[in-house]
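A quick write-up on the structure given underneath.
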Amino acid sequence: KNAQELAQCLAQLGLKIVTGGTDSHMFLVDLTNLNITGKEAQQRLEQAAIYVNKNAIPFDKNPPAVASGIRVGTPMITSLGLREQHMREVATFIYEAICRPSSSLRTKVVEFCESSFSVPEWLREL
């Protein structure tokens with residue numbers, strides 16, 4: 001449910017979800033319309049303390065090491081207690097990190113996590 005809600009929220013923000021959604025815990029986002037590679041998006045998201053993987057999309061023109069998409073999964077945030085009602089804010093963070101990166105976004109993400117669930121010490125160090 002979290003992955004479906006997150007995919008829907010990202011689509012509403014203008015990101016292209018491969019296959020239009022998901023029936024599992026993960027989905028692919030096609031970034032070609034944003035003129036950013038999966039590698040660049042992964043790096044921008046990591047700067048905001050959001051962890052995804054660059055991933056090739058169907059008929060990708062970029063090599064796998066660069067890729068044109070990202071793979072987003074929800075098991076970690078689900079296991080930490082986030083639910084469907086949190087996915088709009090998570091989607092907004094993802095969108096902002098990709099489309100409007102800023103140095104203050106990481107602080108917002110960390111504050112959101114700390115207010116939403118108990119952050120394990122090992123996660124604080126990432």
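In the structure tokens, the first chain shown is A, the next is B, and so on; residue numbers restart at 1 for each chain, and ligands run from 1 in the order shown.
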
Range 8-19 of chain A environment, 8 Å, only C-alpha atoms, sequence neighbours closer than 2 positions dropped, as a list in words: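 Everything that qualifies: Gln4, Glu5, Leu6, Gly21, Thr22, Phe27, Leu28, Val29, Asp30, Leu31, Asn33, Ile57, Met87, Arg88, Ala91, Thr92 and Tyr95 of chain A.
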
Enumerate, as a VMD selection string, the complete set of residues in range 10-108 of chain A that a backbone-based DSSP assignment places in alpha helix (DSSP H). chain A and resid 10 to 12 38 to 47 75 to 79 87 to 99 105 to 108

Output as a PyMOL selection string all residues of chain A that backbone DSSP marks as strand (DSSP E or B). chain A and resi 16-17+26-30+53-55+69-73

Report, in Å with one decimal, the straight-line distance from CA of Ile98 in chain A to CA of Thr74 in chain A.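 We find that CA of Ile98 in chain A and CA of Thr74 in chain A lie 17.8 Å from each other.
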
For the atom pair CA of Thr37 in chain A and CA of Ala67 in chain A, what is the interatomic distance in Å to one decimal place?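 Computed distance, CA of Thr37 in chain A to CA of Ala67 in chain A, equals 6.0 Å.
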
Using only C-alpha atoms, find the one residue out of A:Arg100, A:Gly38, A:Phe117, A:Gly81 that sits nearest to Pro64 in chain A.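 Ranking A:Arg100, A:Gly38, A:Phe117, A:Gly81 by distance to Pro64 in chain A, first place goes to A:Gly38.
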
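Close contacts of Val66 in chain A, defined as residues with an atom at most 12 Å away when counting only C-alpha atoms, with chain neighbours fewer than 3 positions off set aside, comprise A:Leu31, A:Ile36, A:Thr37, A:Gly38, A:Lys39, A:Glu40, A:Ala41, A:Gln42, A:Gln43, A:Asn53, A:Lys54, A:Asn55, A:Ala56, A:Ile57, A:Asp60, A:Lys61, A:Asn62, A:Pro63, A:Gly69, A:Ile70.
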